[in-house]
>>> print(open('protein.cif').read())   # mmCIF, C-alpha atoms
data_structure
#
loop_
_atom_site.label_atom_id
_atom_site.label_comp_id
_atom_site.auth_asym_id
_atom_site.auth_seq_id
_atom_site.Cartn_x
_atom_site.Cartn_y
_atom_site.Cartn_z
CA MET A 528 246.05 45.78 27.67
CA SER A 529 249.44 44.95 26.29
CA ILE A 530 252.78 44.44 27.99
CA PHE A 531 256.31 43.79 26.92
CA CYS A 532 257.92 40.54 27.89
CA GLU A 533 260.81 41.52 30.14
CA TYR A 534 263.08 38.82 28.71
CA CYS A 535 262.48 38.79 24.99
CA ASN A 536 261.09 42.32 24.69
CA ASN A 537 258.33 41.14 22.40
CA LEU A 538 254.95 42.69 22.68
CA VAL A 539 252.63 40.43 24.61
CA SER A 540 248.94 41.21 24.27
CA CYS A 541 246.63 40.05 26.96
CA PRO A 542 242.88 40.53 27.25
CA THR A 543 242.89 40.87 31.01
CA ASN A 544 245.27 41.75 33.75
CA GLU A 545 244.94 38.30 35.23
CA THR A 546 246.23 36.59 32.11
CA ALA A 547 249.03 39.10 31.93
CA ASN A 548 250.07 38.21 35.45
CA SER A 549 249.97 34.49 34.90
CA THR A 550 251.89 34.82 31.63
CA SER A 551 254.62 36.79 33.28
CA LEU A 552 254.72 34.28 36.15
CA THR A 553 255.24 31.42 33.71
CA LYS A 554 257.90 33.47 31.95
CA ASP A 555 259.64 34.09 35.28
CA LEU A 556 259.59 30.40 36.05
CA GLU A 557 260.90 29.47 32.61
CA HIS A 558 263.62 32.04 32.75
CA SER A 559 264.79 31.05 36.20
CA PHE A 560 264.76 27.37 35.22
CA VAL A 561 266.61 27.70 31.93
CA THR A 562 269.24 29.98 33.46
CA GLN A 563 269.94 27.57 36.29
CA LEU A 564 270.02 24.56 33.99
CA GLU A 565 272.33 26.36 31.60
CA GLU A 566 274.70 27.04 34.49
CA ASN A 567 274.57 23.45 35.72
CA GLN A 568 274.30 21.61 32.42
CA ASN A 569 277.64 19.84 32.98
CA ILE A 570 276.00 17.53 35.49
CA VAL A 571 273.48 16.36 32.90
CA HIS A 572 276.10 15.99 30.17
CA LYS A 573 278.25 13.83 32.42
CA ILE A 574 275.32 11.54 33.21
CA CYS A 575 274.43 11.29 29.53
CA ARG A 576 278.01 10.41 28.70
CA LEU A 577 278.05 7.65 31.26
CA TYR A 578 274.71 6.13 30.32
CA THR A 579 274.71 6.40 26.53
CA ASN A 580 277.13 5.33 23.82
CA ASP A 581 276.48 7.67 20.93
CA GLN A 582 275.76 11.31 20.35
CA GLU A 583 272.15 10.80 19.30
CA SER A 584 271.26 8.90 22.47
CA HIS A 585 273.19 11.48 24.48
CA ASN A 586 270.95 14.22 23.07
CA ASP A 587 267.81 12.12 23.60
CA LEU A 588 268.64 11.53 27.24
CA PHE A 589 269.56 15.18 27.76
CA GLN A 590 266.19 16.13 26.31
CA GLU A 591 264.28 13.74 28.55
CA ILE A 592 266.16 14.85 31.67
CA THR A 593 265.40 18.49 30.81
CA ILE A 594 261.70 17.72 30.52
CA GLN A 595 261.64 15.81 33.79
CA LEU A 596 263.52 18.62 35.55
CA TRP A 597 261.13 21.17 34.12
CA LYS A 598 258.09 19.15 35.17
CA ALA A 599 259.40 18.87 38.71
CA PHE A 600 260.65 22.47 38.88
CA PRO A 601 257.47 24.13 40.20
CA LYS A 602 257.78 21.96 43.32
CA PHE A 603 261.48 22.70 43.72
CA ARG A 604 261.91 24.65 46.91
CA GLY A 605 265.05 26.59 47.52
CA ASP A 606 265.85 24.52 50.62
CA SER A 607 268.38 22.44 48.73
CA LYS A 608 270.81 23.57 46.08
CA PHE A 609 269.56 23.45 42.50
CA SER A 610 272.45 21.17 41.58
CA THR A 611 271.74 18.70 44.42
CA TRP A 612 268.13 18.48 43.32
CA MET A 613 269.29 18.02 39.74
CA TYR A 614 271.45 15.00 40.54
CA ARG A 615 268.43 13.13 41.80
CA VAL A 616 266.04 13.93 38.98
CA ALA A 617 268.69 13.39 36.29
CA LEU A 618 269.84 10.04 37.68
CA ASN A 619 266.24 8.89 38.11
CA THR A 620 265.61 9.70 34.49
CA ALA A 621 268.75 7.97 33.24
CA ILE A 622 268.23 4.82 35.32
CA THR A 623 264.48 4.44 35.44
CA LEU A 624 262.45 6.64 33.14
CA TYR A 625 264.50 6.82 29.98
CA ARG A 626 263.63 4.30 27.30
CA LYS A 627 266.73 3.25 25.43
CA LYS A 628 266.07 3.14 21.74
CA LYS A 629 267.57 0.29 19.80
CA ARG A 630 270.54 1.69 17.94
CA ARG A 631 273.63 0.38 16.33
CA ILE A 632 276.35 1.06 18.83
CA ASP A 633 278.65 3.54 17.24
CA THR A 634 282.00 2.58 18.71
CA ALA A 635 283.90 5.23 16.78
CA SER A 636 282.10 8.17 18.34
CA PHE A 637 282.15 6.43 21.71
CA GLU A 638 285.94 6.26 21.59
CA SER A 639 286.36 9.84 20.54
CA VAL A 640 283.94 11.11 23.16
CA SER A 641 285.13 9.11 26.11
CA PHE A 642 288.82 8.67 25.64
CA LYS A 643 290.08 12.08 24.77
CA ILE A 644 292.72 12.04 27.44
CA LYS A 645 294.86 15.06 27.87
CA ALA A 646 298.39 13.90 27.22
CA GLU A 647 300.62 16.31 29.11
CA PRO A 648 300.13 15.72 32.83
CA TYR A 649 300.23 11.95 32.66
CA ASP A 650 302.72 9.51 31.31
CA ASP A 651 301.67 6.78 28.92
CA THR A 652 300.96 4.13 31.50
CA ILE A 653 298.66 6.38 33.50
CA GLU A 654 296.89 7.39 30.34
CA GLU A 655 296.50 3.74 29.44
CA GLN A 656 295.19 3.01 32.93
CA LEU A 657 292.66 5.81 32.72
CA LYS A 658 291.43 4.53 29.38
CA LEU A 659 290.94 1.12 30.90
CA MET A 660 289.22 2.62 33.92
CA TYR A 661 286.74 4.52 31.80
CA SER A 662 285.84 1.50 29.75
CA ALA A 663 285.57 -0.56 32.93
CA VAL A 664 283.13 1.95 34.44
CA LYS A 665 281.13 1.87 31.22
CA THR A 666 280.64 -1.89 31.60
CA LEU A 667 279.12 -1.59 35.09
CA ASN A 668 275.36 -1.98 35.53
CA ASP A 669 273.10 1.10 35.83
CA ILE A 670 273.08 1.13 39.62
CA ASP A 671 276.84 0.68 40.04
CA LYS A 672 277.38 3.43 37.48
CA ALA A 673 275.23 5.77 39.57
CA LEU A 674 277.34 5.04 42.66
CA VAL A 675 280.58 5.61 40.78
CA PHE A 676 279.20 8.77 39.19
CA LEU A 677 278.25 10.31 42.53
CA TYR A 678 281.61 9.26 43.96
CA LEU A 679 283.48 10.90 41.08
CA GLU A 680 281.37 14.00 41.63
CA ASP A 681 282.79 14.09 45.16
CA LYS A 682 279.48 13.39 46.90
CA ASN A 683 279.68 12.00 50.41
CA TYR A 684 278.11 8.68 51.36
CA LYS A 685 275.19 10.36 53.04
CA GLU A 686 274.21 12.07 49.80
CA ILE A 687 274.87 8.93 47.74
CA SER A 688 272.69 6.83 50.02
CA GLU A 689 269.88 9.39 50.01
CA THR A 690 269.90 9.72 46.25
CA LEU A 691 269.70 5.99 45.68
CA GLY A 692 267.44 5.18 48.62
CA ILE A 693 269.76 2.74 50.36
CA THR A 694 271.48 2.98 53.75
CA GLU A 695 274.80 4.74 54.18
CA VAL A 696 276.50 1.56 55.38
CA ASN A 697 275.29 -0.39 52.36
CA ALA A 698 276.42 2.39 50.03
CA ARG A 699 279.92 2.18 51.55
CA VAL A 700 280.06 -1.59 51.30
CA LYS A 701 278.83 -1.51 47.71
CA MET A 702 281.33 1.19 46.75
CA ASN A 703 284.21 -0.86 48.17
CA ARG A 704 283.05 -3.83 46.14
CA ILE A 705 282.92 -1.76 42.98
CA LYS A 706 286.43 -0.45 43.69
CA GLY A 707 287.60 -4.03 43.98
CA LYS A 708 285.87 -4.91 40.74
CA LEU A 709 287.54 -2.03 38.92
CA ARG A 710 290.93 -2.89 40.44
CA ASN A 711 290.59 -6.40 39.10
CA ILE A 712 289.86 -5.16 35.62
CA LEU A 713 292.83 -2.83 35.78
CA ASN A 714 295.38 -5.28 37.24
CA PRO A 715 294.27 -8.70 36.12
CA MET B 477 297.37 5.94 44.53
CA ASP B 478 293.91 4.43 44.51
CA GLU B 479 292.70 3.79 40.94
CA LEU B 480 289.38 5.47 41.49
CA GLU B 481 291.08 8.53 42.98
CA LEU B 482 293.08 8.80 39.80
CA LEU B 483 289.90 8.64 37.78
CA LYS B 484 288.24 11.22 40.03
CA LYS B 485 291.04 13.71 39.44
CA ASP B 486 290.86 13.18 35.72
CA TRP B 487 287.06 13.29 35.73
CA GLN B 488 287.00 16.69 37.36
CA SER B 489 289.67 18.14 35.13
CA ARG B 490 287.68 17.35 32.00
CA GLU B 491 284.69 19.60 32.48
CA GLN B 492 285.66 21.92 29.66
CA GLU B 493 285.45 19.10 27.13
CA LEU B 494 281.71 18.74 27.70
CA PRO B 495 279.27 20.13 25.15
CA LYS B 496 277.78 23.55 25.89
CA LEU B 497 274.13 24.22 25.13
CA SER B 498 272.88 27.75 24.84
CA TYR B 499 269.92 29.32 26.63
CA SER B 500 267.73 28.95 23.56
CA ASP B 501 268.82 25.31 22.99
CA ILE B 502 267.58 24.46 26.47
CA TYR B 503 264.48 26.61 26.10
CA GLN B 504 263.52 24.71 22.93
CA MET B 505 263.71 21.46 24.89
CA LEU B 506 260.99 22.60 27.30
CA LEU B 507 258.53 22.61 24.43
CA LYS B 508 259.12 18.96 23.53
CA LYS B 509 257.11 16.04 24.88
CA SER B 510 258.40 13.48 27.31
CA SER B 511 258.61 9.85 26.23
CA SER B 512 259.38 8.36 29.62
CA ILE B 513 258.43 4.88 30.76
CA VAL B 514 255.97 6.29 33.28
CA LYS B 515 254.11 8.06 30.53
CA TRP B 516 253.90 4.92 28.43
CA ILE B 517 252.77 2.82 31.35
CA PHE B 518 250.18 5.45 32.17
CA TYR B 519 248.75 5.50 28.63
CA ILE B 520 248.70 1.72 28.29
CA SER B 521 247.09 1.34 31.70
CA ILE B 522 244.38 3.83 30.82
CA ALA B 523 243.81 1.98 27.55
CA GLU B 524 243.47 -1.29 29.45
CA ILE B 525 241.01 0.15 31.93
CA ILE B 526 238.93 1.59 29.10
CA PHE B 527 239.11 -1.69 27.16
CA TRP B 528 237.89 -3.78 30.08
CA THR B 529 235.24 -1.29 31.05
CA LEU B 530 233.91 -1.29 27.50
CA LEU B 531 233.96 -5.04 27.38
CA ALA B 532 232.18 -5.43 30.69
CA VAL B 533 229.78 -2.49 30.69
CA VAL B 534 229.06 -1.11 27.26
CA ILE B 535 228.93 -4.10 24.91
CA PRO B 536 226.28 -6.08 26.83
CA ASN B 537 224.03 -3.02 26.68
CA VAL B 538 224.53 -2.24 23.01
CA SER B 539 225.00 -5.50 21.15
CA GLU B 540 221.86 -7.27 19.82
CA ASN B 541 223.32 -10.70 20.44
CA PHE B 542 224.00 -9.84 24.06
CA LYS B 543 220.43 -8.65 24.44
CA ILE B 544 219.20 -11.99 23.21
CA SER B 545 221.66 -13.81 25.44
CA ASN B 546 220.42 -11.68 28.34
CA ARG B 547 216.87 -12.69 27.50
CA ILE B 548 217.93 -16.31 27.44
CA ASN B 549 219.69 -15.92 30.79
CA ASP B 550 216.59 -14.27 32.25
CA ALA B 551 214.44 -17.10 30.99
CA MET B 552 216.89 -19.60 32.47
CA GLY B 553 216.40 -17.98 35.88
CA LEU B 554 219.79 -16.24 36.09
CA HIS B 555 218.44 -12.68 36.21
CA ASN B 556 218.97 -11.84 39.87
CA ILE B 557 222.31 -13.49 40.29
CA LEU B 558 223.70 -11.69 37.20
CA ILE B 559 222.58 -8.34 38.57
CA VAL B 560 224.31 -9.01 41.87
CA LEU B 561 227.47 -10.04 40.02
CA ASN B 562 227.33 -6.87 37.95
CA ILE B 563 227.07 -4.65 41.00
CA ILE B 564 230.03 -6.38 42.62
CA ASN B 565 231.93 -5.98 39.37
CA TYR B 566 231.33 -2.20 39.21
CA LEU B 567 232.42 -1.79 42.83
CA VAL B 568 235.64 -3.67 42.18
CA PHE B 569 236.23 -1.58 39.04
CA GLY B 570 235.81 1.63 41.00
CA ALA B 571 238.24 0.44 43.67
CA PHE B 572 240.86 -0.47 41.06
CA ILE B 573 240.57 2.83 39.24
CA TYR B 574 240.93 4.71 42.52
CA LEU B 575 244.00 2.67 43.46
CA PHE B 576 245.58 3.18 40.07
CA TYR B 577 245.04 6.93 40.28
CA LYS B 578 246.45 7.06 43.79
CA ASN B 579 249.53 5.04 42.88
CA HIS B 580 250.17 7.03 39.75
CA ARG B 581 250.05 10.25 41.76
CA SER B 582 252.71 8.90 44.09
CA VAL B 583 255.26 8.49 41.27
CA LYS B 584 257.65 11.39 41.76
CA VAL B 585 260.88 11.94 39.91
CA THR B 586 262.30 13.71 42.97
CA ASP B 587 262.12 10.57 45.12
CA SER B 588 265.15 8.38 45.68
CA VAL B 589 265.97 5.99 42.84
CA LYS B 590 264.67 3.05 44.83
CA GLN B 591 261.43 4.69 45.92
CA LEU B 592 260.70 5.83 42.38
CA MET B 593 261.15 2.32 41.01
CA LYS B 594 259.01 0.90 43.78
CA ASN B 595 256.17 3.31 43.03
CA ILE B 596 256.26 2.63 39.29
CA LEU B 597 256.16 -1.11 39.86
CA LYS B 598 253.28 -0.61 42.29
CA THR B 599 251.27 1.31 39.69
CA ARG B 600 251.94 -1.45 37.23
CA LYS B 601 250.94 -4.11 39.71
CA THR B 602 247.55 -2.49 40.29
CA VAL B 603 246.75 -2.68 36.61
CA LYS B 604 248.11 -6.22 36.42
CA TYR B 605 245.77 -7.28 39.22
CA PHE B 606 242.94 -5.46 37.51
CA VAL B 607 243.46 -7.53 34.39
CA ILE B 608 243.95 -10.75 36.36
CA TYR B 609 240.71 -9.98 38.17
CA ASN B 610 238.93 -9.44 34.86
CA VAL B 611 240.31 -12.53 33.17
CA GLY B 612 239.66 -14.58 36.30
CA ALA B 613 236.16 -13.28 36.88
CA THR B 614 235.24 -13.66 33.22
CA THR B 615 236.58 -17.19 33.14
CA LEU B 616 234.79 -18.18 36.33
CA ILE B 617 231.48 -16.69 35.31
CA MET B 618 231.70 -18.21 31.85
CA LEU B 619 232.54 -21.56 33.38
CA ALA B 620 229.73 -21.36 35.92
CA ILE B 621 227.16 -20.31 33.33
CA ASN B 622 228.25 -23.07 30.99
CA ILE B 623 227.99 -25.67 33.72
CA TYR B 624 224.55 -24.34 34.53
CA TYR B 625 223.66 -24.47 30.82
CA TYR B 626 224.98 -28.00 30.64
CA ILE B 627 222.84 -29.16 33.51
CA ASN B 628 219.80 -27.45 32.00
CA GLN B 629 220.52 -28.38 28.39
CA GLU B 630 216.94 -29.10 27.41
CA GLN B 631 215.67 -25.73 28.55
CA LEU B 632 218.56 -23.99 26.78
CA TYR B 633 217.90 -25.85 23.54
CA ALA B 634 214.24 -24.97 23.65
CA LEU B 635 215.07 -21.30 24.20
CA MET B 636 217.61 -21.26 21.39
CA VAL B 637 215.14 -22.72 18.96
CA GLN B 638 212.67 -20.06 20.06
CA ASN B 639 215.10 -17.16 19.56
CA PHE B 640 217.17 -18.16 16.53
CA ASP B 641 215.53 -19.54 13.40
CA GLY B 642 218.28 -21.91 12.25
CA TYR B 643 218.46 -23.96 15.42
CA SER B 644 215.32 -26.04 14.85
CA ALA B 645 217.19 -27.92 12.09
CA ILE B 646 219.81 -29.23 14.56
CA SER B 647 219.19 -32.03 17.01
CA GLN B 648 219.62 -31.38 20.71
CA GLU B 649 222.74 -33.58 20.97
CA GLY B 650 224.34 -31.96 17.95
CA PHE B 651 223.58 -28.51 19.34
CA ALA B 652 225.08 -29.29 22.74
CA SER B 653 228.40 -30.59 21.42
CA VAL B 654 228.89 -27.66 19.00
CA PHE B 655 227.74 -25.07 21.51
CA PHE B 656 230.03 -26.14 24.34
CA LEU B 657 233.02 -26.73 22.07
CA ALA B 658 232.62 -23.22 20.62
CA GLN B 659 232.39 -21.68 24.10
CA PHE B 660 235.50 -23.55 25.17
CA ILE B 661 237.62 -22.58 22.16
CA PHE B 662 236.54 -18.95 22.37
CA GLY B 663 237.44 -18.87 26.07
CA LEU B 664 240.92 -20.31 25.51
CA LEU B 665 241.66 -17.99 22.60
CA PHE B 666 240.61 -15.00 24.61
CA ILE B 667 242.85 -15.80 27.58
CA GLY B 668 245.74 -16.68 25.28
CA LEU B 669 245.58 -13.33 23.51
CA ILE B 670 245.53 -11.40 26.78
CA LEU B 671 248.57 -13.25 28.08
CA LEU B 672 250.46 -12.68 24.84
CA PHE B 673 249.70 -8.97 24.98
CA TYR B 674 251.12 -8.82 28.50
CA ARG B 675 254.31 -10.62 27.70
CA ILE B 676 255.05 -8.38 24.75
CA VAL B 677 254.06 -4.95 26.02
CA TYR B 678 255.31 -5.08 29.57
CA GLY B 679 258.23 -7.34 28.83
CA ILE B 680 259.65 -4.58 26.67
CA LEU B 681 258.76 -1.69 28.95
CA LEU B 682 259.73 -3.10 32.30
CA ARG B 683 262.69 -5.38 31.65
CA ARG B 684 265.36 -2.81 32.43
CA LEU B 685 263.47 -1.31 35.36
CA LYS B 686 262.99 -4.70 37.00
CA LYS B 687 266.64 -5.59 36.51
CA ASN B 688 267.80 -2.36 38.12
CA TYR B 689 265.34 -2.71 40.98
CA LYS B 690 266.66 -6.19 41.70
CA GLU B 691 270.20 -4.82 41.61
CA LEU B 692 269.29 -2.17 44.21
CA LYS B 693 267.58 -4.67 46.47
CA LYS B 694 270.61 -6.91 46.29
CA ILE B 695 272.67 -4.12 47.86
CA GLU B 696 270.40 -4.15 50.91
CA VAL B 697 270.71 -7.89 51.55
#
>>> encode(input="protein.cif", output="structure tokens")
Amino acid sequence: MSIFCEYCNNLVSCPTNETANSTSLTKDLEHSFVTQLEENQNIVHKICRLYTNDQESHNDLFQEITIQLWKAFPKFRGDSKFSTWMYRVALNTAITLYRKKKRRIDTASFESVSFKIKAEPYDDTIEEQLKLMYSAVKTLNDIDKALVFLYLEDKNYKEISETLGITEVNARVKMNRIKGKLRNILNP
Amino acid sequence: MDELELLKKDWQSREQELPKLSYSDIYQMLLKKSSSIVKWIFYISIAEIIFWTLLAVVIPNVSENFKISNRINDAMGLHNILIVLNIINYLVFGAFIYLFYKNHRSVKVTDSVKQLMKNILKTRKTVKYFVIYNVGATTLIMLAINIYYYINQEQLYALMVQNFDGYSAISQEGFASVFFLAQFIFGLLFIGLILLFYRIVYGILLRRLKKNYKELKKIEV
């Protein structure tokens, strides 16, 4: 028998009904995954921006996170939001699974990517401060970066602690220390 | 205003500057292969298990030299004890392979950052112990057999002369010093190579992971 793929409209030929069913199931899964990732891709881009310094590494990390998300997707149950689930898998990939390749650090593209500050709403000193803040965050270690990232994403301490696997109290204490660290860099 | 609050405001107002990938861009990515640390550790671990299994199980049964050395060991009265040691060895192998499989299954990318790191390091540790066990057991057995040979030098010399043609030309003293020196150098070289392999391969793979794990544990202190 032959069927038409409901997404790409191509003719799909299958020898048996069973194969047809499993093919369309895989297609469903793929479609649902790609659509949701497309909608939420900002989260992944932000993590890539924080953990890599050039466009090529950014793409590499994005690729690896996508694969890890896809591998874990069949076990994703709708009991948490897709985005919440994404934070965890994406951060795990960036911090633990991703193998940084040795590359010349391209400072030019790093500047242009990270410091494109919109000029209008801020005056020069604020803009300068923000620049410094971004570069300060970039110098933090992988774990501190994850805390700052989740904080910037407006996650509460409960979520932060659960994502990292530490207690809520310790997450708070650590965050205050990082704030102090950043303040020192900003106002030496 | 708090500095980080300032950053937060700015951070959230910059979403539109991020790159946008299309449906088909993302779809293409699903077809690519992962190159994560876990995958590498998995492949290297499997290679190690196969390597040691080959070394311990297959070679003694295939190689001619080993057959002769088995015959010599049998003649020296080591037959039964070597069989017992072999059985113990296979049991320990089985246990290690089971543990490795179990640990590897527990590595889940949906765990918390800390738990994930812990599980990866645990998988790694199993294989590390497996290799330590192998190096240790090999060293001990080689040492024990050589001591036994040393004590029973005359019998060994007689057997060697019987099995290999060239040996009758060498005196017993000359044979003993060359034989034991060769065994010793081979043993050292072997252990040295294994250790070097470990430093290089896992040093590269695990450096960052270990550093981050330490960082996370520091938070809890």
>>> closest_residue(input="protein.cif", among="A:Ala621, A:Leu674, A:Leu667, A:Ile693", to="chain B", atoms="all atoms listed in the file")
A:Ile693
>>> resolve_selection(input="protein.cif", expression="the PyMOL selection byres ((chain A) within 7 of (chain B))", output="compact mmCIF listing (two decimals) with C-alpha atoms, in the coordinates of the input")
# COMPACT_ATOMS: atom_id res chain seq x y z
CA VAL A 561 266.61 27.70 31.93
CA THR A 562 269.24 29.98 33.46
CA GLU A 565 272.33 26.36 31.60
CA ASN A 569 277.64 19.84 32.98
CA HIS A 572 276.10 15.99 30.17
CA GLN A 590 266.19 16.13 26.31
CA GLU A 591 264.28 13.74 28.55
CA THR A 593 265.40 18.49 30.81
CA ILE A 594 261.70 17.72 30.52
CA TRP A 597 261.13 21.17 34.12
CA ARG A 615 268.43 13.13 41.80
CA VAL A 616 266.04 13.93 38.98
CA ASN A 619 266.24 8.89 38.11
CA THR A 623 264.48 4.44 35.44
CA LEU A 624 262.45 6.64 33.14
CA TYR A 625 264.50 6.82 29.98
CA ARG A 626 263.63 4.30 27.30
CA LEU A 657 292.66 5.81 32.72
CA ASP A 669 273.10 1.10 35.83
CA ILE A 670 273.08 1.13 39.62
CA LEU A 679 283.48 10.90 41.08
CA GLU A 689 269.88 9.39 50.01
CA THR A 690 269.90 9.72 46.25
CA LEU A 691 269.70 5.99 45.68
CA GLY A 692 267.44 5.18 48.62
CA ILE A 693 269.76 2.74 50.36
CA ASN A 697 275.29 -0.39 52.36
CA LYS A 701 278.83 -1.51 47.71
CA LYS A 706 286.43 -0.45 43.69
CA ARG A 710 290.93 -2.89 40.44
>>> closest_residue(input="protein.cif", among="B:Thr602, B:Asn622, B:Gly679, B:Lys543", to="Tyr577 in chain B", atoms="all atoms listed in the file")
B:Thr602
>>> axis_aligned_box(input="protein.cif", around="range 548-567 of chain B", padding_each_side="8 Å", output="AutoDock Vina command-line options")
--center_x 223.4 --center_y -10.7 --center_z 35.1 --size_x 34.0 --size_y 33.8 --size_z 31.4
>>> resolve_selection(input="protein.cif", expression="the PyMOL selection byres ((chain A and resi 702) around 12)", output="PDB file with C-alpha atoms, in the coordinates of the input")
ATOM      1  CA  ILE A 670     273.080   1.130  39.620  1.00  0.00           C
ATOM      2  CA  ASP A 671     276.840   0.680  40.040  1.00  0.00           C
ATOM      3  CA  LYS A 672     277.380   3.430  37.480  1.00  0.00           C
ATOM      4  CA  ALA A 673     275.230   5.770  39.570  1.00  0.00           C
ATOM      5  CA  LEU A 674     277.340   5.040  42.660  1.00  0.00           C
ATOM      6  CA  VAL A 675     280.580   5.610  40.780  1.00  0.00           C
ATOM      7  CA  PHE A 676     279.200   8.770  39.190  1.00  0.00           C
ATOM      8  CA  LEU A 677     278.250  10.310  42.530  1.00  0.00           C
ATOM      9  CA  TYR A 678     281.610   9.260  43.960  1.00  0.00           C
ATOM     10  CA  LEU A 679     283.480  10.900  41.080  1.00  0.00           C
ATOM     11  CA  ASN A 683     279.680  12.000  50.410  1.00  0.00           C
ATOM     12  CA  TYR A 684     278.110   8.680  51.360  1.00  0.00           C
ATOM     13  CA  ILE A 687     274.870   8.930  47.740  1.00  0.00           C
ATOM     14  CA  SER A 688     272.690   6.830  50.020  1.00  0.00           C
ATOM     15  CA  GLU A 695     274.800   4.740  54.180  1.00  0.00           C
ATOM     16  CA  VAL A 696     276.500   1.560  55.380  1.00  0.00           C
ATOM     17  CA  ASN A 697     275.290  -0.390  52.360  1.00  0.00           C
ATOM     18  CA  ALA A 698     276.420   2.390  50.030  1.00  0.00           C
ATOM     19  CA  ARG A 699     279.920   2.180  51.550  1.00  0.00           C
ATOM     20  CA  VAL A 700     280.060  -1.590  51.300  1.00  0.00           C
ATOM     21  CA  LYS A 701     278.830  -1.510  47.710  1.00  0.00           C
ATOM     22  CA  ASN A 703     284.210  -0.860  48.170  1.00  0.00           C
ATOM     23  CA  ARG A 704     283.050  -3.830  46.140  1.00  0.00           C
ATOM     24  CA  ILE A 705     282.920  -1.760  42.980  1.00  0.00           C
ATOM     25  CA  LYS A 706     286.430  -0.450  43.690  1.00  0.00           C
ATOM     26  CA  GLY A 707     287.600  -4.030  43.980  1.00  0.00           C
ATOM     27  CA  LYS A 708     285.870  -4.910  40.740  1.00  0.00           C
ATOM     28  CA  LEU A 709     287.540  -2.030  38.920  1.00  0.00           C
TER      29      LEU A 709
ATOM     30  CA  LEU B 480     289.380   5.470  41.490  1.00  0.00           C
ATOM     31  CA  ILE B 695     272.670  -4.120  47.860  1.00  0.00           C
TER      32      ILE B 695
END
>>> closest_residue(input="protein.cif", among="A:Leu659, A:Ile712, A:Leu556, A:Ile570", to="Lys602 in chain A", atoms="only C-alpha atoms")
A:Leu556
>>> atom_distance(input="protein.cif", atom1="CA of Ile574 in chain A", atom2="CA of Leu618 in chain A")
7.2 Å
>>> closest_residue(input="protein.cif", among="B:Ile564, B:Ile559, B:Ile667, B:Ile661", to="Gly612 in chain B", atoms="all atoms listed in the file")
B:Ile667
>>> atom_distance(input="protein.cif", atom1="CA of Ile670 in chain B", atom2="CA of Phe572 in chain B")
18.6 Å
>>> resolve_selection(input="protein.cif", expression="the PyMOL selection byres ((chain B and resi 613) around 12)", output="number ranges by chain")
B: 528, 532, 561-562, 564-565, 568-569, 605-612, 614-621, 667
>>> atom_distance(input="protein.cif", atom1="CA of Gln659 in chain B", atom2="CA of Lys604 in chain B")
25.3 Å
>>> residues_around(input="protein.cif", residues="Gly642 in chain B", least_positions_apart="6", cutoff="12 Å", atoms="all atoms listed in the file", output="PyMOL selection string")
chain B and resi 633+636+651
>>> closest_residue(input="protein.cif", among="B:Phe576, B:Phe673, B:Phe662, B:Phe655", to="Leu632 in chain B", atoms="only C-alpha atoms")
B:Phe655
>>> residues_around(input="protein.cif", residues="Ile520 in chain B", least_positions_apart="6", cutoff="10 Å", atoms="only C-alpha atoms", output="ChimeraX atom specification")
/B:514,526,603,677-678
>>> closest_residue(input="protein.cif", among="A:Ala663, A:Cys575, A:Ile653, A:Leu552", to="Lys627 in chain A", atoms="only C-alpha atoms")
A:Cys575
>>> build_atoms(input="protein.cif", residues="range 574-582 of chain B", atoms="N, CA and C atoms", output="PDB file, in the frame of the given file")
ATOM      1  N   TYR B 574     240.469   3.827  41.446  1.00  0.00           N
ATOM      2  CA  TYR B 574     240.930   4.710  42.520  1.00  0.00           C
ATOM      3  C   TYR B 574     242.371   4.385  42.905  1.00  0.00           C
ATOM      4  N   LEU B 575     242.653   3.095  43.083  1.00  0.00           N
ATOM      5  CA  LEU B 575     244.000   2.670  43.460  1.00  0.00           C
ATOM      6  C   LEU B 575     245.029   3.055  42.408  1.00  0.00           C
ATOM      7  N   PHE B 576     244.664   2.849  41.161  1.00  0.00           N
ATOM      8  CA  PHE B 576     245.580   3.180  40.070  1.00  0.00           C
ATOM      9  C   PHE B 576     245.893   4.670  40.083  1.00  0.00           C
ATOM     10  N   TYR B 577     244.864   5.479  40.241  1.00  0.00           N
ATOM     11  CA  TYR B 577     245.040   6.930  40.280  1.00  0.00           C
ATOM     12  C   TYR B 577     245.938   7.328  41.442  1.00  0.00           C
ATOM     13  N   LYS B 578     245.675   6.737  42.593  1.00  0.00           N
ATOM     14  CA  LYS B 578     246.450   7.060  43.790  1.00  0.00           C
ATOM     15  C   LYS B 578     247.927   6.684  43.606  1.00  0.00           C
ATOM     16  N   ASN B 579     248.159   5.485  43.098  1.00  0.00           N
ATOM     17  CA  ASN B 579     249.530   5.040  42.880  1.00  0.00           C
ATOM     18  C   ASN B 579     250.255   5.898  41.847  1.00  0.00           C
ATOM     19  N   HIS B 580     249.533   6.230  40.796  1.00  0.00           N
ATOM     20  CA  HIS B 580     250.170   7.030  39.750  1.00  0.00           C
ATOM     21  C   HIS B 580     250.574   8.392  40.297  1.00  0.00           C
ATOM     22  N   ARG B 581     249.731   8.954  41.170  1.00  0.00           N
ATOM     23  CA  ARG B 581     250.050  10.250  41.760  1.00  0.00           C
ATOM     24  C   ARG B 581     251.305  10.186  42.627  1.00  0.00           C
ATOM     25  N   SER B 582     251.570   9.005  43.171  1.00  0.00           N
ATOM     26  CA  SER B 582     252.710   8.900  44.090  1.00  0.00           C
ATOM     27  C   SER B 582     254.045   8.738  43.351  1.00  0.00           C
TER      28      SER B 582
END
